[in-house]
file my_file-v3.txt (compact mmCIF, C-alpha atoms)
# COMPACT_ATOMS: atom_id res chain seq x y z
CA MET A 1 -62.91 -56.62 39.05
CA ASN A 2 -61.10 -53.45 40.12
CA GLU A 3 -57.48 -53.35 41.27
CA ARG A 4 -58.36 -52.73 44.92
CA ILE A 5 -60.45 -55.90 45.17
CA LEU A 6 -57.68 -57.82 43.42
CA ALA A 7 -55.17 -56.46 45.95
CA LEU A 8 -57.27 -57.81 48.82
CA TYR A 9 -57.37 -61.27 47.28
CA GLU A 10 -53.68 -61.19 46.47
CA MET A 11 -52.95 -60.49 50.13
CA ALA A 12 -55.27 -63.32 51.20
CA PHE A 13 -53.48 -65.67 48.80
CA ARG A 14 -50.14 -64.70 50.31
CA ASP A 15 -51.48 -65.51 53.77
CA ARG A 16 -52.47 -69.06 52.87
CA TYR A 17 -49.45 -69.69 50.67
CA GLN A 18 -46.92 -68.72 53.31
CA GLU A 19 -48.74 -70.11 56.34
CA SER A 20 -49.83 -73.52 55.01
CA PHE A 21 -47.60 -76.56 55.35
CA GLU A 22 -47.60 -80.26 54.53
CA ASP A 23 -51.13 -81.67 53.95
CA GLU A 24 -52.75 -78.25 54.45
CA PHE A 25 -50.67 -76.75 51.66
CA GLN A 26 -51.42 -79.68 49.36
CA GLU A 27 -55.13 -79.17 50.00
CA PHE A 28 -54.77 -75.46 49.17
CA PHE A 29 -52.92 -76.31 45.95
CA SER A 30 -55.63 -78.78 44.93
CA GLU A 31 -58.40 -76.26 45.62
CA ILE A 32 -56.68 -73.72 43.37
CA MET A 33 -56.09 -76.18 40.56
CA GLU A 34 -59.63 -77.57 40.59
CA ARG A 35 -60.97 -74.04 40.14
CA ALA A 36 -58.35 -72.97 37.61
CA TYR A 37 -58.82 -76.18 35.56
CA PRO A 38 -62.46 -77.25 36.12
CA ASP A 39 -64.62 -80.06 34.74
CA GLY A 40 -62.19 -82.77 35.76
CA ASP A 41 -59.17 -81.37 33.91
CA PHE A 42 -57.19 -81.32 37.16
CA VAL A 43 -57.49 -84.54 39.15
CA ARG A 44 -56.46 -85.04 42.76
CA VAL A 45 -54.56 -88.26 43.29
CA ARG A 46 -54.93 -89.73 46.77
CA PRO A 47 -52.96 -92.59 48.33
CA TRP A 48 -54.58 -95.96 47.71
CA GLY A 49 -53.65 -99.20 49.39
CA ASN A 50 -50.04 -100.29 49.53
CA SER A 51 -49.08 -98.41 46.38
CA GLY A 52 -49.85 -94.95 47.79
CA ASP A 53 -50.26 -92.27 45.13
CA GLU A 54 -47.39 -93.52 42.95
CA LYS A 55 -45.55 -90.19 43.50
CA ASN A 56 -48.39 -88.18 41.96
CA ASP A 57 -50.04 -85.42 44.02
CA GLY A 58 -52.23 -84.21 41.15
CA TYR A 59 -52.61 -84.66 37.41
CA LEU A 60 -53.55 -82.10 34.74
CA MET A 61 -55.22 -84.04 31.93
CA SER A 62 -55.04 -81.42 29.17
CA GLN A 63 -51.31 -80.84 29.67
CA ARG A 64 -50.30 -84.38 30.72
CA THR A 65 -48.63 -82.96 33.82
CA VAL A 66 -47.82 -84.70 37.09
CA PHE A 67 -47.42 -82.54 40.21
CA ALA A 68 -45.29 -83.18 43.27
CA VAL A 69 -46.20 -80.94 46.23
CA TYR A 70 -43.68 -80.27 49.00
CA ALA A 71 -44.22 -77.85 51.89
CA PRO A 72 -42.31 -78.88 55.04
CA ARG A 73 -42.29 -76.59 58.07
CA LYS A 74 -38.51 -76.61 58.20
CA PRO A 75 -37.08 -77.22 54.72
CA THR A 76 -33.43 -78.13 54.19
CA ALA A 77 -31.37 -78.13 51.02
CA SER A 78 -30.66 -81.84 51.27
CA GLY A 79 -34.32 -82.63 52.02
CA ILE A 80 -35.60 -80.70 49.00
CA ARG A 81 -33.02 -82.27 46.70
CA ALA A 82 -33.91 -85.77 47.91
CA LYS A 83 -37.63 -85.06 47.50
CA ILE A 84 -37.21 -83.86 43.91
CA GLU A 85 -35.06 -86.83 42.93
CA SER A 86 -37.22 -89.48 44.62
CA ASP A 87 -40.58 -88.15 43.42
CA PHE A 88 -39.45 -87.69 39.83
CA SER A 89 -37.78 -91.09 39.53
CA GLY A 90 -40.56 -92.75 41.51
CA CYS A 91 -43.38 -91.50 39.27
CA LEU A 92 -41.85 -92.58 35.97
CA PRO A 93 -42.47 -96.36 36.18
CA PHE A 94 -46.21 -95.82 36.75
CA TRP A 95 -46.95 -92.59 34.83
CA ASP A 96 -44.32 -92.52 32.07
CA GLU A 97 -46.64 -92.98 29.07
CA TYR A 98 -49.02 -90.26 30.37
CA LEU A 99 -46.41 -87.66 31.32
CA ASP A 100 -45.10 -84.73 29.27
CA GLU A 101 -44.25 -82.42 32.17
CA TRP A 102 -43.40 -82.86 35.85
CA VAL A 103 -43.89 -79.91 38.23
CA PHE A 104 -42.41 -79.49 41.69
CA VAL A 105 -44.71 -77.25 43.76
CA HIS A 106 -43.28 -75.59 46.89
CA ASN A 107 -44.26 -72.89 49.41
CA ASP A 108 -40.91 -71.19 49.98
CA ARG A 109 -41.70 -67.50 49.58
CA GLU A 110 -38.07 -66.69 48.84
CA GLY A 111 -37.88 -69.18 45.97
CA LEU A 112 -35.85 -72.31 45.38
CA GLY A 113 -32.29 -72.60 46.58
CA PRO A 114 -29.46 -73.35 44.14
CA ASP A 115 -29.31 -77.05 45.06
CA ALA A 116 -32.99 -77.54 44.24
CA LEU A 117 -32.77 -75.67 40.94
CA LYS A 118 -29.65 -77.58 39.94
CA THR A 119 -31.43 -80.86 40.66
CA ILE A 120 -34.32 -79.89 38.37
CA LEU A 121 -31.91 -78.83 35.62
CA GLU A 122 -30.07 -82.13 35.94
CA LEU A 123 -33.37 -84.00 35.55
CA ASN A 124 -34.09 -82.07 32.37
CA ARG A 125 -30.66 -82.89 30.99
CA ALA A 126 -31.06 -86.59 31.76
CA HIS A 127 -34.71 -86.83 30.64
CA GLY A 128 -35.11 -84.37 27.81
CA ASP A 129 -38.55 -85.68 26.90
CA LYS A 130 -39.87 -85.26 30.47
CA VAL A 131 -39.61 -81.55 31.23
CA ALA A 132 -39.30 -80.76 34.95
CA ALA A 133 -40.18 -77.31 36.30
CA PRO A 134 -40.68 -75.58 39.67
CA TRP A 135 -43.82 -73.73 40.74
CA GLY A 136 -43.62 -71.27 43.59
CA ARG A 137 -45.68 -68.33 44.85
CA GLU A 138 -45.88 -66.41 41.58
CA ALA A 139 -46.96 -69.42 39.51
CA LEU A 140 -49.82 -70.20 41.88
CA CYS A 141 -50.71 -66.56 42.40
CA LYS A 142 -51.15 -66.06 38.65
CA ARG A 143 -53.67 -68.89 38.51
CA VAL A 144 -55.53 -67.56 41.53
CA MET A 145 -55.73 -64.01 40.22
CA ASP A 146 -57.14 -65.26 36.91
CA LEU A 147 -60.16 -66.77 38.72
CA GLY A 148 -63.59 -65.20 38.78
CA ILE A 149 -65.02 -63.50 41.85
CA SER A 150 -67.18 -66.48 42.88
CA ASP A 151 -64.15 -68.77 42.97
CA LEU A 152 -62.10 -66.19 44.86
CA ARG A 153 -64.82 -65.80 47.47
CA ALA A 154 -64.97 -69.55 47.93
CA LEU A 155 -61.20 -69.79 48.38
CA PHE A 156 -60.92 -66.76 50.69
CA PRO A 157 -64.18 -66.22 52.60
CA SER A 158 -62.60 -63.76 55.05
CA VAL A 159 -61.75 -61.18 52.37
CA PRO A 160 -63.91 -58.08 52.86
CA SER A 161 -66.04 -56.52 50.15
CA MET A 162 -66.23 -52.82 49.35
CA ALA A 163 -69.45 -52.72 51.40
CA ASP A 164 -67.58 -54.09 54.43
CA PHE A 165 -65.21 -51.12 54.30
CA VAL A 166 -68.19 -48.77 54.47
CA GLU A 167 -70.18 -50.69 57.09
CA THR A 168 -67.42 -51.63 59.55
CA GLY A 169 -67.53 -49.45 62.64
CA MET A 170 -65.66 -48.82 65.85
CA GLU A 171 -67.15 -51.96 67.38
CA GLN A 172 -65.02 -54.04 64.99
CA ILE A 173 -61.95 -51.80 65.20
CA GLN A 174 -61.78 -51.64 69.01
CA PRO A 175 -60.61 -55.28 69.47
CA VAL A 176 -57.69 -54.61 67.11
CA LEU A 177 -56.66 -51.52 69.11
CA ASP A 178 -57.03 -53.51 72.33
CA HIS A 179 -54.69 -56.14 70.90
CA LEU A 180 -52.15 -53.45 70.04
CA GLU A 181 -52.28 -51.92 73.51
CA ARG A 182 -50.69 -55.08 74.85
CA ALA A 183 -47.68 -54.40 72.58
CA ARG A 184 -47.15 -50.82 73.70
CA VAL A 185 -43.78 -49.55 74.86
CA PRO A 186 -42.88 -46.09 76.22
CA GLY A 187 -41.59 -43.71 73.59
CA ARG A 188 -41.88 -40.40 71.79
CA PRO A 189 -43.03 -41.01 68.21
CA ASP A 190 -42.49 -38.65 65.31
CA ARG A 191 -45.52 -36.30 65.22
CA ARG A 192 -44.51 -34.13 62.27
CA PRO A 193 -46.98 -33.77 59.36
CA VAL A 194 -47.14 -36.64 56.87
CA PRO A 195 -45.21 -36.01 53.62
CA GLU A 196 -47.49 -36.24 50.59
CA ASP A 197 -45.01 -38.43 48.71
CA LYS A 198 -44.51 -40.99 51.46
CA ILE A 199 -46.05 -43.87 49.48
CA GLU A 200 -43.81 -43.18 46.47
CA TYR A 201 -40.75 -42.72 48.65
CA ASN A 202 -41.16 -46.18 50.19
CA LEU A 203 -41.38 -47.89 46.78
CA LEU A 204 -44.55 -49.75 47.67
CA SER A 205 -46.20 -51.80 44.92
CA ASP A 206 -49.47 -50.78 43.32
CA ALA A 207 -51.25 -53.58 45.21
CA THR A 208 -49.99 -52.38 48.60
CA ARG A 209 -50.84 -48.79 47.70
CA SER A 210 -54.38 -49.93 46.94
CA LEU A 211 -54.66 -51.57 50.36
CA ILE A 212 -53.44 -48.41 52.10
CA THR A 213 -55.95 -46.35 50.13
CA MET A 214 -58.81 -48.71 50.99
CA GLY A 215 -57.85 -48.44 54.65
CA MET A 216 -58.52 -44.70 54.65
CA GLN A 217 -62.25 -45.25 55.15
CA PRO A 218 -61.90 -47.11 58.49
CA ALA A 219 -58.77 -45.10 59.41
CA TYR A 220 -60.88 -42.03 60.07
CA LEU A 221 -62.69 -44.01 62.79
CA VAL A 222 -59.34 -44.70 64.45
CA ARG A 223 -58.44 -41.02 64.22
CA ASN A 224 -61.76 -39.96 65.73
CA TYR A 225 -61.35 -42.52 68.50
CA TYR A 226 -58.00 -41.09 69.61
CA ARG A 227 -59.44 -37.57 69.45
CA ARG A 228 -62.41 -38.63 71.53
CA VAL A 229 -60.49 -40.38 74.29
CA SER A 230 -57.99 -37.47 74.44
CA ASP A 231 -55.24 -39.77 75.69
CA GLU A 232 -52.03 -38.88 73.87
CA LEU A 233 -49.98 -41.25 76.01
CA LEU A 234 -52.19 -44.16 74.95
CA ARG A 235 -51.86 -43.24 71.29
CA ASP A 236 -48.13 -42.48 71.48
CA GLN A 237 -47.26 -45.74 73.19
CA THR A 238 -49.17 -47.73 70.58
CA ALA A 239 -47.48 -45.68 67.86
CA GLN A 240 -44.08 -46.45 69.35
CA ALA A 241 -44.88 -50.16 69.36
CA PHE A 242 -45.63 -49.84 65.65
CA SER A 243 -42.37 -48.02 65.06
CA GLU A 244 -40.37 -50.63 67.00
CA LYS A 245 -41.96 -53.47 65.04
CA TYR A 246 -41.30 -51.71 61.75
CA GLN A 247 -37.63 -51.17 62.59
CA GLU A 248 -37.30 -54.81 63.63
CA LEU A 249 -38.70 -55.99 60.29
CA ARG A 250 -36.68 -53.48 58.27
CA SER A 251 -33.47 -54.70 59.90
CA THR A 252 -34.05 -58.15 58.36
CA GLY A 253 -33.68 -56.70 54.85
CA GLN A 254 -37.23 -57.50 53.71
CA SER A 255 -38.86 -55.51 50.93
CA PRO A 256 -41.40 -52.78 51.78
CA ASP A 257 -44.26 -55.01 50.57
CA GLU A 258 -43.07 -57.91 52.73
CA ILE A 259 -42.82 -55.57 55.72
CA TYR A 260 -46.39 -54.40 55.11
CA TRP A 261 -47.54 -58.04 55.03
CA GLU A 262 -45.71 -58.81 58.28
CA LEU A 263 -47.15 -55.71 59.97
CA ARG A 264 -50.63 -56.70 58.87
CA LYS A 265 -50.24 -60.14 60.46
CA TRP A 266 -48.86 -58.54 63.62
CA VAL A 267 -51.77 -56.10 63.87
CA GLY A 268 -54.35 -58.81 63.24
CA GLY A 269 -52.99 -61.14 65.92
CA SER A 270 -53.74 -64.84 66.07
CA GLY A 271 -57.51 -64.66 66.50
CA PRO A 272 -60.09 -65.85 63.95
CA SER A 273 -60.32 -63.78 60.81
CA SER A 274 -63.48 -62.28 59.35
CA PRO A 275 -64.25 -59.60 56.75
CA ALA A 276 -64.95 -57.01 59.47
CA ARG A 277 -61.72 -57.75 61.33
CA GLU A 278 -59.75 -57.53 58.09
CA VAL A 279 -61.24 -54.09 57.46
CA ALA A 280 -60.27 -53.06 60.98
CA VAL A 281 -56.69 -54.23 60.47
CA TYR A 282 -56.34 -52.33 57.19
CA GLY A 283 -57.80 -49.23 58.83
CA VAL A 284 -55.40 -49.32 61.76
CA LEU A 285 -52.45 -49.91 59.44
CA THR A 286 -53.41 -46.98 57.23
CA TYR A 287 -53.90 -44.70 60.23
CA PHE A 288 -50.41 -45.33 61.59
CA PHE A 289 -48.94 -45.15 58.08
CA GLU A 290 -50.51 -41.73 57.59
CA GLU A 291 -49.30 -40.58 60.99
CA CYS A 292 -45.74 -41.50 59.93
CA ASP A 293 -45.17 -44.03 62.68
CA ILE A 294 -44.27 -46.78 60.20
CA PHE A 295 -42.21 -46.75 57.00
CA LEU A 296 -39.72 -44.09 56.03
CA ARG A 297 -40.47 -40.39 55.64
CA PRO A 298 -38.70 -38.37 52.95
CA GLU A 299 -36.86 -35.50 54.60
CA GLU A 300 -36.90 -32.03 53.05
CA GLY A 301 -34.27 -31.77 50.34
CA GLN A 302 -33.45 -35.49 50.52
CA GLU A 303 -33.15 -37.41 47.26
CA GLU A 304 -34.98 -40.71 46.82
call {"tool": "encode", "arguments": {"input": "my_file-v3.txt", "output": "structure tokens"}}
result
Amino acid sequence: MNERILALYEMAFRDRYQESFEDEFQEFFSEIMERAYPDGDFVRVRPWGNSGDEKNDGYLMSQRTVFAVYAPRKPTASGIRAKIESDFSGCLPFWDEYLDEWVFVHNDREGLGPDALKTILELNRAHGDKVAAPWGREALCKRVMDLGISDLRALFPSVPSMADFVETGMEQIQPVLDHLERARVPGRPDRRPVPEDKIEYNLLSDATRSLITMGMQPAYLVRNYYRRVSDELLRDQTAQAFSEKYQELRSTGQSPDEIYWELRKWVGGSGPSSPAREVAVYGVLTYFFEECDIFLRPEEGQEE
């Protein structure tokens, strides 16, 4: 599987990881684990009768590991600490003789806070034979990216194929541009030529670079569309909306890759996703990236 296809699936994983909560996130976690550890190695544990699930959200037979999954919509330090303590202590009476490792799975994209980490370290100090560990985005992403293409397609059916990038036309791109027109604001965007080293200057990861490169195929349709309609005001107002959104995201201190992810969600809107719409979104993003309306441009003589 080439790096561009992997980049598409990595982006799709990030979508579900960061936008799933509570039972939906637990279902996503179970889907990943059943594919990463097939043939019954990973077992879902569902609540049963008055005993519930005995503080076990999933069990990995080969590694004697109990999982606790926690993905609230509005996490708090005290809530996470209480969850870790109660789930760990609550699972021991029922699962003690079958447990070598206990894993706390969360969906906080920024990682665990110090209170949560300290709680896990305290559990390890008190129960040296029952190792506790956290799993966040990178731990789950690694298991997803090790899957074969058939499993990836089943997990993320909206991810486009290379053929979709070739076959998607203006019919699929137009709804994305229509969505952006509603976000337009008056302005005068930067129309100078695009610096050749813009990708390097913005310190984008290899995965994000691959997505920008893949978007070049549909981006030419966007470019031809603006040439055909000959409406510079229409194009400039949409470009300014892009620039405003980029500046808003940059002011929050997010990394360039996180900003790209946020822009992609903004461009796509809240409608249903499909491979063709995903291609359209990547094409529109690449077009405005190339036109220098989003991300920083290296100025002549300026050091990185």
call {"tool": "residues_around", "arguments": {"input": "my_file-v3.txt", "residues": "region 99-113 of chain A", "least_positions_apart": "3", "cutoff": "7 Å", "atoms": "only C-alpha atoms", "output": "ChimeraX atom specification"}}
result
/A:17-18,64-71,95-96,116-117,130-137
call {"tool": "atom_distance", "arguments": {"input": "my_file-v3.txt", "atom1": "CA of Val284 (chain A)", "atom2": "CA of Arg250 (chain A)"}}
result
19.5 Å
call {"tool": "axis_aligned_box", "arguments": {"input": "my_file-v3.txt", "around": "region 235-253 of chain A", "padding_each_side": "4 Å", "output": "lines of an AutoDock Vina configuration file"}}
result
center_x = -42.7
center_y = -50.3
center_z = 64.0
size_x = 26.4
size_y = 23.7
size_z = 26.3
call {"tool": "atom_distance", "arguments": {"input": "my_file-v3.txt", "atom1": "CA of Phe28 (chain A)", "atom2": "CA of Leu152 (chain A)"}}
result
12.6 Å
call {"tool": "residues_around", "arguments": {"input": "my_file-v3.txt", "residues": "Asp15 (chain A)", "least_positions_apart": "2", "cutoff": "12 Å", "atoms": "all atoms listed in the file", "output": "PyMOL selection string"}}
result
chain A and resi 8-13+17-21+25+28+107+109+137+141+155-156+158-159+258+261-262+264-265+268+273
call {"tool": "atom_distance", "arguments": {"input": "my_file-v3.txt", "atom1": "CA of Ser62 (chain A)", "atom2": "CA of Ala139 (chain A)"}}
result
17.8 Å
call {"tool": "closest_residue", "arguments": {"input": "my_file-v3.txt", "among": "A:Arg73, A:Lys118, A:Arg46, A:Arg35", "to": "Arg143 (chain A)", "atoms": "only C-alpha atoms"}}
result
A:Arg35
call {"tool": "closest_residue", "arguments": {"input": "my_file-v3.txt", "among": "A:Asp164, A:Glu3, A:Asp115, A:Asp41", "to": "Tyr282 (chain A)", "atoms": "all atoms listed in the file"}}
result
A:Asp164
call {"tool": "residues_around", "arguments": {"input": "my_file-v3.txt", "residues": "Gln174 (chain A)", "least_positions_apart": "6", "cutoff": "10 Å", "atoms": "only C-alpha atoms", "output": "short mmCIF file (atom, residue, chain, number, x, y, z; two decimals) with C-alpha atoms, in the frame of the given file"}}
result
data_model
loop_
_atom_site.label_atom_id
_atom_site.label_comp_id
_atom_site.auth_asym_id
_atom_site.auth_seq_id
_atom_site.Cartn_x
_atom_site.Cartn_y
_atom_site.Cartn_z
CA LEU A 180 -52.15 -53.45 70.04
CA LEU A 221 -62.69 -44.01 62.79
CA VAL A 222 -59.34 -44.70 64.45
CA TYR A 225 -61.35 -42.52 68.50
CA ARG A 277 -61.72 -57.75 61.33
CA ALA A 280 -60.27 -53.06 60.98
CA VAL A 284 -55.40 -49.32 61.76
#
call {"tool": "closest_residue", "arguments": {"input": "my_file-v3.txt", "among": "A:Leu6, A:Tyr98, A:Gly128, A:Asp57", "to": "Asp146 (chain A)", "atoms": "only C-alpha atoms"}}
result
A:Leu6
call {"tool": "closest_atom_pairs", "arguments": {"input": "my_file-v3.txt", "of": "region 25-80 of chain A", "to": "region 87-91 of chain A", "cutoff": "8 Å", "atoms": "only C-alpha atoms", "output": "Markdown table"}}
result
| residue | atom | partner | partner_atom | distance |
| --- | --- | --- | --- | --- |
| A:Glu54 | CA | A:Cys91 | CA | 5.8 |
| A:Lys55 | CA | A:Cys91 | CA | 4.9 |
| A:Asn56 | CA | A:Cys91 | CA | 6.6 |
| A:Ala68 | CA | A:Asp87 | CA | 6.8 |
call {"tool": "write_last_selection", "arguments": {"input": "my_file-v3.txt", "atoms": "C-alpha atoms", "output": "PDB file, in the coordinates of the input"}}
result
ATOM      1  CA  GLU A  54     -47.390 -93.520  42.950  1.00  0.00           C
ATOM      2  CA  LYS A  55     -45.550 -90.190  43.500  1.00  0.00           C
ATOM      3  CA  ASN A  56     -48.390 -88.180  41.960  1.00  0.00           C
ATOM      4  CA  ALA A  68     -45.290 -83.180  43.270  1.00  0.00           C
TER       5      ALA A  68
END
call {"tool": "residues_around", "arguments": {"input": "my_file-v3.txt", "residues": "Phe42 (chain A)", "least_positions_apart": "4", "cutoff": "10 Å", "atoms": "only C-alpha atoms", "output": "compact mmCIF listing (two decimals) with C-alpha atoms, in the frame of the given file"}}
result
# COMPACT_ATOMS: atom_id res chain seq x y z
CA SER A 30 -55.63 -78.78 44.93
CA GLU A 31 -58.40 -76.26 45.62
CA ILE A 32 -56.68 -73.72 43.37
CA MET A 33 -56.09 -76.18 40.56
CA GLU A 34 -59.63 -77.57 40.59
CA ARG A 35 -60.97 -74.04 40.14
CA ALA A 36 -58.35 -72.97 37.61
CA TYR A 37 -58.82 -76.18 35.56
CA PRO A 38 -62.46 -77.25 36.12
CA GLY A 58 -52.23 -84.21 41.15
CA TYR A 59 -52.61 -84.66 37.41
CA LEU A 60 -53.55 -82.10 34.74
CA MET A 61 -55.22 -84.04 31.93
CA SER A 62 -55.04 -81.42 29.17
CA GLN A 63 -51.31 -80.84 29.67
CA ARG A 64 -50.30 -84.38 30.72
CA THR A 65 -48.63 -82.96 33.82
CA VAL A 66 -47.82 -84.70 37.09
call {"tool": "closest_residue", "arguments": {"input": "my_file-v3.txt", "among": "A:Ala219, A:Ile120, A:Met145, A:Ile84", "to": "Leu285 (chain A)", "atoms": "all atoms listed in the file"}}
result
A:Ala219
call {"tool": "residues_around", "arguments": {"input": "my_file-v3.txt", "residues": "Met162 (chain A)", "least_positions_apart": "5", "cutoff": "12 Å", "atoms": "all atoms listed in the file", "output": "PyMOL selection string"}}
result
chain A and resi 1-6+8+167-168+211+214-215+217-218+275-276+278-279
